Amino acid sequence: MVTTSSSPAGAAGTTQSIIVAKNLGKTYRSGKLDVPALRNVSFSADPGEFVAVVGPSGSGKSTLFYVLGGLTQATSGSLFIGGAEFSQLSDLERTRMRRAKIGFVFQRFNLLPTLTAQGNIEIAHDIANLGAAEKKPLDQALLDHLTDMMGIKGRLDHRPNELSGGEQQRVAIARALITRPSIVLADEPTGNLDTKNSDAVLDTLRRSSRELNQTVLMITHNPEAAQIADRIIHMRDGEIRNIEKGTGRVLHEA
Ligand SMILES: Nc1ncnc2c1ncn2[C@@H]1O[C@H](COP(=O)(O)OP(=O)(O)OP(=O)(O)O)[C@@H](O)[C@H]1O
């Protein structure tokens, strides 16, 4: 379950929490001005949970995404991923942790145009192996399962420009999942999609969190999309204002 500092379990979360954020703060320096983007953000999330983050433009959602993903450092507070405190890790350890534990999905898909769909998925596996003490072989059974689940099995030899937006995003999700990350961070994954493709992508994320026991944290502007989450974090002015329960169901599920 997702907890906040006001809940009984507190920001310390449960013993199994994969993400524990305690009083996270992030201030950007813009010229001579300090811009506080995150203030005292505390929450935790457990394996298999689907958490949506909503809030108006400028409320700090993307900054939270970057901090949780280890792409930028918080200026105060602490962040534990799988029990390890991010700020205590060296740059190299942080990079390794990110590659091993976190999968990213972006609004603009970010597929490599010269590679096929299969090549785009496999490259995430190759990158995860870079510098790893123990090289792992590609998990062909997982690749089959993911591409089956996402309905892109017949499209694997196509390049991104031969795929619809929804198919491209599902390839991007398969790329994020092929390394079996414990956490999937998705920043507006349906922002560039029509309703049908958006539903397919949300369904895929929802199912992966359930079937692969992954913690999914999804930023969205779309209140309907947020409803598929187990919990919805509402942000404003860099703070968590409220956490409510979602329906946990895909939008147009029968
Ligand atoms: N690199 C930066 N330098 C200075 N200020 C920044 C930087 N990135 C973000 N900010 C500021 O931090 C605050 C939070 O921005 P953030 O992008 O996290 O919000 P957001 O909720 O993701 O917004 P949106 O929904 O528009 O993407 C805003 O006031 C923004 O102007």
# chains A, B, ... in the order shown; residues from 1 in each chain; ligands from 1

call {"tool": "select_by_dssp", "arguments": {"residues": "range 129-243 of chain A", "states": "helix (DSSP H, G or I)", "output": "NGL selection string"}}
result
:A and (129 or 140-149 or 153-155 or 160-162 or 165-177 or 195-211 or 223-226)

call {"tool": "residues_around", "arguments": {"residues": "range 114-120 of chain A", "least_positions_apart": "2", "cutoff": "6 Å", "atoms": "only C-alpha atoms", "output": "MDAnalysis selection string"}}
result
chainID A and resid 112 122:123 156:159

call {"tool": "write_last_selection", "arguments": {"atoms": "N, CA and C atoms", "output": "CSV table (one decimal), in the first residue's frame"}}
result
chain,number,residue,atom,x,y,z
A,112,LEU,N,14.6,4.3,-31.0
A,112,LEU,CA,15.7,4.6,-31.9
A,112,LEU,C,15.1,4.3,-33.3
A,122,GLU,N,15.5,-5.1,-27.3
A,122,GLU,CA,16.7,-5.8,-26.9
A,122,GLU,C,17.8,-4.9,-26.5
A,123,ILE,N,17.8,-3.6,-27.0
A,123,ILE,CA,18.9,-2.7,-26.6
A,123,ILE,C,18.9,-2.4,-25.1
A,156,LEU,N,7.3,-7.0,-34.8
A,156,LEU,CA,8.6,-6.8,-34.2
A,156,LEU,C,9.7,-6.5,-35.2
A,157,ASP,N,9.5,-6.8,-36.5
A,157,ASP,CA,10.5,-6.5,-37.5
A,157,ASP,C,10.3,-5.1,-38.2
A,158,HIS,N,9.3,-4.4,-37.6
A,158,HIS,CA,9.0,-3.1,-38.2
A,158,HIS,C,9.8,-2.0,-37.5
A,159,ARG,N,10.2,-0.9,-38.2
A,159,ARG,CA,10.8,0.2,-37.6
A,159,ARG,C,9.8,1.2,-37.0

call {"tool": "residues_around", "arguments": {"residues": "Arg249 in chain A", "least_positions_apart": "5", "cutoff": "9 Å", "atoms": "only C-alpha atoms", "output": "ChimeraX atom specification"}}
result
/A:203,206,227-230

call {"tool": "select_by_dssp", "arguments": {"residues": "range 159-190 of chain A", "states": "strand (DSSP E)", "output": "list in words"}}
result
Ile183, Val184, Leu185, Ala186 and Asp187 of chain A

call {"tool": "residues_around", "arguments": {"residues": "range 181-196 of chain A", "least_positions_apart": "5", "cutoff": "6 Å", "atoms": "only C-alpha atoms", "output": "PyMOL selection string"}}
result
chain A and resi 101-107+214-220

call {"tool": "closest_residue", "arguments": {"among": "A:Gly25, A:Gly238, A:Gly83, A:Pro47", "to": "ligand 1", "atoms": "only C-alpha atoms and all ligand atoms"}}
result
A:Gly238

call {"tool": "closest_atom_pairs", "arguments": {"of": "chain A", "to": "ligand 1", "cutoff": "6 Å", "atoms": "only C-alpha atoms and all ligand atoms", "output": "JSON lines"}}
result
{"residue": "A:Tyr28", "atom": "CA", "partner": "ligand 1", "partner_atom_place_in_ligand_line": "4 (C)", "distance": 4.7}
{"residue": "A:Arg29", "atom": "CA", "partner": "ligand 1", "partner_atom_place_in_ligand_line": "4 (C)", "distance": 5.9}
{"residue": "A:Ser30", "atom": "CA", "partner": "ligand 1", "partner_atom_place_in_ligand_line": "4 (C)", "distance": 5.0}
{"residue": "A:Val35", "atom": "CA", "partner": "ligand 1", "partner_atom_place_in_ligand_line": "5 (N)", "distance": 5.6}
{"residue": "A:Ala37", "atom": "CA", "partner": "ligand 1", "partner_atom_place_in_ligand_line": "12 (O)", "distance": 4.1}
{"residue": "A:Pro56", "atom": "CA", "partner": "ligand 1", "partner_atom_place_in_ligand_line": "25 (O)", "distance": 5.9}
{"residue": "A:Ser57", "atom": "CA", "partner": "ligand 1", "partner_atom_place_in_ligand_line": "26 (O)", "distance": 3.5}
{"residue": "A:Gly58", "atom": "CA", "partner": "ligand 1", "partner_atom_place_in_ligand_line": "19 (O)", "distance": 3.4}
{"residue": "A:Ser59", "atom": "CA", "partner": "ligand 1", "partner_atom_place_in_ligand_line": "21 (O)", "distance": 3.8}
{"residue": "A:Gly60", "atom": "CA", "partner": "ligand 1", "partner_atom_place_in_ligand_line": "18 (O)", "distance": 3.2}
{"residue": "A:Lys61", "atom": "CA", "partner": "ligand 1", "partner_atom_place_in_ligand_line": "21 (O)", "distance": 3.9}
{"residue": "A:Ser62", "atom": "CA", "partner": "ligand 1", "partner_atom_place_in_ligand_line": "22 (O)", "distance": 3.6}
{"residue": "A:Thr63", "atom": "CA", "partner": "ligand 1", "partner_atom_place_in_ligand_line": "18 (O)", "distance": 3.7}

call {"tool": "residues_around", "arguments": {"residues": "Gln88 in chain A", "least_positions_apart": "5", "cutoff": "10 Å", "atoms": "only C-alpha atoms", "output": "PyMOL selection string"}}
result
chain A and resi 78-80+93-94

call {"tool": "write_last_selection", "arguments": {"atoms": "N, CA and C atoms", "output": "short mmCIF file (atom, residue, chain, number, x, y, z; two decimals), in the first residue's frame"}}
result
data_model
loop_
_atom_site.label_atom_id
_atom_site.label_comp_id
_atom_site.auth_asym_id
_atom_site.auth_seq_id
_atom_site.Cartn_x
_atom_site.Cartn_y
_atom_site.Cartn_z
N SER A 78 15.52 12.18 1.99
CA SER A 78 16.18 10.95 1.58
C SER A 78 15.25 10.06 0.77
N LEU A 79 15.87 9.28 -0.09
CA LEU A 79 15.13 8.39 -0.98
C LEU A 79 15.75 7.00 -0.92
N PHE A 80 14.94 6.03 -0.54
CA PHE A 80 15.41 4.65 -0.51
C PHE A 80 14.75 3.88 -1.65
N GLU A 93 27.37 3.57 -8.95
CA GLU A 93 26.41 2.68 -8.28
C GLU A 93 24.98 3.10 -8.59
N ARG A 94 24.77 4.43 -8.65
CA ARG A 94 23.42 4.93 -8.95
C ARG A 94 23.01 4.54 -10.37
#

call {"tool": "residues_around", "arguments": {"residues": "Thr95 in chain A", "least_positions_apart": "4", "cutoff": "8 Å", "atoms": "only C-alpha atoms", "output": "list in words"}}
result
Gly70, Asp91 and Arg99 of chain A

call {"tool": "atom_distance", "arguments": {"atom1": "CA of Ser42 in chain A", "atom2": "CA of Leu64 in chain A"}}
result
10.9 Å

call {"tool": "residues_around", "arguments": {"residues": "Ala74 in chain A", "least_positions_apart": "6", "cutoff": "9 Å", "atoms": "only C-alpha atoms", "output": "mmCIF file with C-alpha atoms, in the first residue's frame"}}
result
data_model
loop_
_atom_site.group_PDB
_atom_site.id
_atom_site.type_symbol
_atom_site.label_atom_id
_atom_site.label_comp_id
_atom_site.auth_asym_id
_atom_site.auth_seq_id
_atom_site.Cartn_x
_atom_site.Cartn_y
_atom_site.Cartn_z
ATOM 1 C CA LEU A 24 12.237 15.057 -0.329
ATOM 2 C CA GLY A 25 13.005 18.590 -1.451
ATOM 3 C CA LYS A 26 14.369 19.857 -4.736
ATOM 4 C CA THR A 27 15.269 23.457 -5.444
ATOM 5 C CA LEU A 38 9.563 19.767 -4.412
ATOM 6 C CA LEU A 64 9.552 13.942 -8.676
ATOM 7 C CA VAL A 67 14.399 12.410 -8.528
ATOM 8 C CA LEU A 68 12.805 8.949 -8.129
ATOM 9 C CA SER A 87 22.270 9.800 -1.998
#
